[in-house]
Amino acid sequence: MEIAPRRMILPDDEGLARTRERFLTAETVEPDQVRDAILASWWRSREFEVPADHIDLPYSGEQNLDTPMLRGAAPVLERLGDQLEGQPISLIITDPTGVVLSQRTGDSDLHRHLERVELVPGYSYGERFVGTNGIGTALEDGRPTYVFGHEHYAEHLENLACAGVPIQHPISGKTIGAVDLTCWRKDAGGLLVALARTTAEQIRQALLTHSNLRELVLFQAYLQACRRTTGIVMAFNDDIVMMNDCARQLLDPADQTVLLGRAREELAAARRATATITLSSGSKGKLYCRRVNGHREGNVAGGVLSVKLLEPEAETGETSLPMLPMFLPGVVGSAPPWLRCGHDLDRSFARREWVVLAGEPGTGKYTLARGVHQRRHPAGRLHVLDAARAEEMRDLRRELIEDPPDSLVIRHVDRLPPEGVRDLAAALEEVRDDAHAPWVALTLRSDADPELAGLLAFFPRTVVVPPLRGHAEDLADLVPLFLSRLSTGLTCSPAALHLLMRASWPGNVAQLYRVLKQVSKRRRTGTVLPVDLPAEYHTFTRRPLNRFETVERDAIVRSLEDADGNKLRAAKLLGISRATIYRKIHEYGIVTPDH
């Protein structure tokens, strides 16, 4: 954002208000009509289901004001507060979640207004509660943010302007709060942002002065480790964690937690330690960690770890498959969680290692098992038993012992009665050491059921198949695949695909197939358009609707389609006012058709 010497170049009030109204009623907003950062925040606010017509914030009660951040910031805030005395500007400090810790305002009218909109200590101005605002959006984006007038998502904030800047810990780099300056919209100027930036930096410098020697010693050891390597480096103690860019880019949060836990275990036993670790991607690395002594004898400042990723041949002599798409007959998708499942299952088949496929119903567990079998043993026989059908399970002994296939998939094992679990375990016990036994895969919802513990002991590995919402980008491949199976020449428009990708899919891939099957009965050739999709896929609402609300939503969606997207005409068709249809469109998150 560019800052003018005295006054900021502010957006047109009326134009911005119209743009915000179009967004709230799901009309198209062109990129040049609002700043990119604000538009992105509006979208997040909609996803959070933030009400735009009122403010309803959670209250956290009295906050602990005796914290290192507030103690270090106190002199800075005192000096700035004295400078702003009598001015219509409010100086606000929050915690890292957006909960207001202190608010000092030099103007009584502004103070009363901030009380009305609950911008006072104890209330959270996180973006997920109040939408686009200087505090929540700065914390969400992790950078200085300026929000002016109608750029706010909530209409009760439209006469304010605010500049928020995250406060980073000077040693760990972790966001520990935010400083915000708020004034009337008419008084806003470019110096507001500059002043907020300066205040945040002064607080950061003050925190460095107040940091204890233990943190400084650990920070120095961390910097030395970073200078010695360009790879993964992390430093930690009970209070802080530091990591370099390489660690942030290569490690997901789960990997970071595993590494820190392993390093703590190793350092508890020795001053220095090495270990081989496996990351969630399947790749391996060598972990090096050492204890950092404090400034006094016997005092420990923390630990520093580094990780060197190993080439596949350097691991155990085995060839590790790269995380790239592989050809599995009947299987599409390239999202990392989905690829990881395919590679893990393929490795298990190559080792003839029995495996459990766990995940929500409809995620594609059997499809994966069948695809890996056909990839590895295309001429082999695959047989499937459904544990939910007692008559099929009566063939279990023949399938395992008398006439075994090359691969056997037993589905819905969690539906077996206790005696069925015991019978299956006994049959597996009989054949598990037989060289001619089939490769066996079980599918179930979760492997956490204690009643299945004895049975699952025969299966050294569980592969968790992600829900469709965890790899929604794969709809770009799944939708064309399913349409080709359902109807020759039927394709999906980008607009319809966009709506499908926004859905939550509680029924996963199976639900997607049912929806497309329903669509193909109405449109057998040509291109699937948004109008062809069921009404619930025209909305972004996350709460379940009752029967009346579902009927009302569907009627509004169909009326908008009949009116070619014209809201006034749709309102007349329904016999309701324009204001009512606008409110209902926003309430149900209805996406209006583009024409």
# chains A, B, ... in the order shown; residues from 1 in each chain; ligands from 1
$ closest_atom_pairs --of "range 55-147 of chain A" --to "range 194-203 of chain A" --cutoff "10 Å" --atoms "only C-alpha atoms" --output "CSV"
residue,atom,partner,partner_atom,distance
A:Met69,CA,A:Ile203,CA,8.0
A:Leu70,CA,A:Ile203,CA,9.0
A:Arg71,CA,A:Ile203,CA,9.9
A:Gly72,CA,A:Ile203,CA,6.8
A:Ala73,CA,A:Ile203,CA,5.0
A:Ala74,CA,A:Ile203,CA,8.5
A:Pro75,CA,A:Ile203,CA,8.8
A:Val76,CA,A:Ile203,CA,6.5
A:Leu77,CA,A:Thr199,CA,8.0
A:Leu80,CA,A:Thr199,CA,8.1
A:Leu91,CA,A:Ala196,CA,9.1
A:Ile93,CA,A:Ala200,CA,9.9
A:Arg143,CA,A:Arg197,CA,9.9
A:Pro144,CA,A:Arg197,CA,7.2
A:Thr145,CA,A:Ala196,CA,9.7
A:Tyr146,CA,A:Ala196,CA,9.9
$ write_last_selection --atoms "C-alpha atoms" --output "compact mmCIF listing (two decimals), in the first residue's frame"
# COMPACT_ATOMS: atom_id res chain seq x y z
CA MET A 69 4.84 -8.60 25.77
CA LEU A 70 2.83 -6.07 27.77
CA ARG A 71 5.67 -5.49 30.24
CA GLY A 72 8.10 -4.83 27.41
CA ALA A 73 5.60 -2.71 25.48
CA ALA A 74 4.47 -0.59 28.44
CA PRO A 75 7.02 2.26 28.00
CA VAL A 76 6.33 2.45 24.25
CA LEU A 77 2.56 2.54 24.76
CA LEU A 80 2.58 7.11 22.32
CA LEU A 91 -4.33 2.76 20.49
CA ILE A 93 -3.03 -3.97 21.75
CA ARG A 143 1.59 -8.34 7.63
CA PRO A 144 0.66 -4.67 8.18
CA THR A 145 -2.90 -4.05 7.07
CA TYR A 146 -4.99 -0.93 6.51
$ residues_around --residues "His538 in chain A" --least-positions-apart "3" --cutoff "9 Å" --atoms "only C-alpha atoms" --output "PyMOL selection string"
chain A and resi 499-500+503+530-531+533-535+557+589-593
$ residues_around --residues "range 343-350 of chain A" --least-positions-apart "4" --cutoff "8 Å" --atoms "only C-alpha atoms" --output "list of chain:residue names"
A:Leu321, A:Met323, A:Leu339, A:Trp354, A:Val355, A:Leu368, A:Ala369, A:Val372, A:His373, A:Arg376, A:Trp439, A:Arg461, A:Val463
$ write_last_selection --atoms "N, CA and C atoms" --output "PDB file, in the first residue's frame"
ATOM      1  N   LEU A 321       9.747 -44.721  -3.850  1.00  0.00           N
ATOM      2  CA  LEU A 321       9.058 -44.087  -4.970  1.00  0.00           C
ATOM      3  C   LEU A 321       8.924 -42.593  -4.738  1.00  0.00           C
ATOM      4  N   MET A 323       7.184 -38.880  -4.848  1.00  0.00           N
ATOM      5  CA  MET A 323       5.792 -38.482  -4.703  1.00  0.00           C
ATOM      6  C   MET A 323       5.287 -37.864  -6.002  1.00  0.00           C
ATOM      7  N   LEU A 339      -1.940 -38.823  -3.382  1.00  0.00           N
ATOM      8  CA  LEU A 339      -0.754 -39.502  -3.922  1.00  0.00           C
ATOM      9  C   LEU A 339      -0.064 -40.320  -2.841  1.00  0.00           C
ATOM     10  N   TRP A 354       0.324 -57.264   4.256  1.00  0.00           N
ATOM     11  CA  TRP A 354      -1.108 -57.053   4.451  1.00  0.00           C
ATOM     12  C   TRP A 354      -1.341 -55.648   5.013  1.00  0.00           C
ATOM     13  N   VAL A 355      -2.452 -55.039   4.609  1.00  0.00           N
ATOM     14  CA  VAL A 355      -2.644 -53.625   4.922  1.00  0.00           C
ATOM     15  C   VAL A 355      -4.096 -53.328   5.264  1.00  0.00           C
ATOM     16  N   LEU A 368      -8.731 -47.713  -4.563  1.00  0.00           N
ATOM     17  CA  LEU A 368      -7.277 -47.705  -4.458  1.00  0.00           C
ATOM     18  C   LEU A 368      -6.712 -49.121  -4.439  1.00  0.00           C
ATOM     19  N   ALA A 369      -7.312 -50.001  -3.612  1.00  0.00           N
ATOM     20  CA  ALA A 369      -6.817 -51.376  -3.517  1.00  0.00           C
ATOM     21  C   ALA A 369      -6.911 -52.085  -4.867  1.00  0.00           C
ATOM     22  N   VAL A 372      -4.181 -50.677  -7.291  1.00  0.00           N
ATOM     23  CA  VAL A 372      -2.828 -51.167  -7.009  1.00  0.00           C
ATOM     24  C   VAL A 372      -2.692 -52.625  -7.444  1.00  0.00           C
ATOM     25  N   HIS A 373      -3.722 -53.443  -7.191  1.00  0.00           N
ATOM     26  CA  HIS A 373      -3.671 -54.842  -7.641  1.00  0.00           C
ATOM     27  C   HIS A 373      -3.514 -54.912  -9.163  1.00  0.00           C
ATOM     28  N   ARG A 376       0.056 -53.879 -10.195  1.00  0.00           N
ATOM     29  CA  ARG A 376       1.122 -54.799  -9.843  1.00  0.00           C
ATOM     30  C   ARG A 376       0.924 -56.211 -10.396  1.00  0.00           C
ATOM     31  N   TRP A 439      -2.506 -61.603  -1.063  1.00  0.00           N
ATOM     32  CA  TRP A 439      -2.316 -60.283  -0.437  1.00  0.00           C
ATOM     33  C   TRP A 439      -3.675 -59.853   0.065  1.00  0.00           C
ATOM     34  N   ARG A 461       0.468 -52.521   8.737  1.00  0.00           N
ATOM     35  CA  ARG A 461       0.398 -51.130   8.275  1.00  0.00           C
ATOM     36  C   ARG A 461      -1.045 -50.701   8.056  1.00  0.00           C
ATOM     37  N   VAL A 463      -3.108 -47.547   6.116  1.00  0.00           N
ATOM     38  CA  VAL A 463      -3.064 -46.397   5.217  1.00  0.00           C
ATOM     39  C   VAL A 463      -4.377 -45.643   5.383  1.00  0.00           C
TER      40      VAL A 463
END
$ residues_around --residues "Pro58 in chain A" --least-positions-apart "4" --cutoff "12 Å" --atoms "only C-alpha atoms" --output "VMD selection string"
chain A and resid 97 to 100 118 to 126 128 to 130
$ residues_around --residues "range 505-509 of chain A" --least-positions-apart "4" --cutoff "9 Å" --atoms "only C-alpha atoms" --output "number ranges by chain"
A: 360-364, 467-469, 478, 500, 513-514
$ atom_distance --atom1 "CA of Pro466 in chain A" --atom2 "CA of Arg411 in chain A"
17.0 Å
$ residues_around --residues "Gly177 in chain A" --least-positions-apart "3" --cutoff "7 Å" --atoms "only C-alpha atoms" --output "NGL selection string"
:A and (94-96 or 166-167)
$ residues_around --residues "range 14-30 of chain A" --least-positions-apart "6" --cutoff "12 Å" --atoms "only C-alpha atoms" --output "PyMOL selection string"
chain A and resi 36+38-43+45-47+49-53+132+148-155+158-159+538-540+565-567+578-595
$ select_by_dssp --residues "range 255-436 of chain A" --states "strand (DSSP E)" --output "number ranges by chain"
A: 272-278, 284-293, 300-309, 355-358, 382-386, 407-411
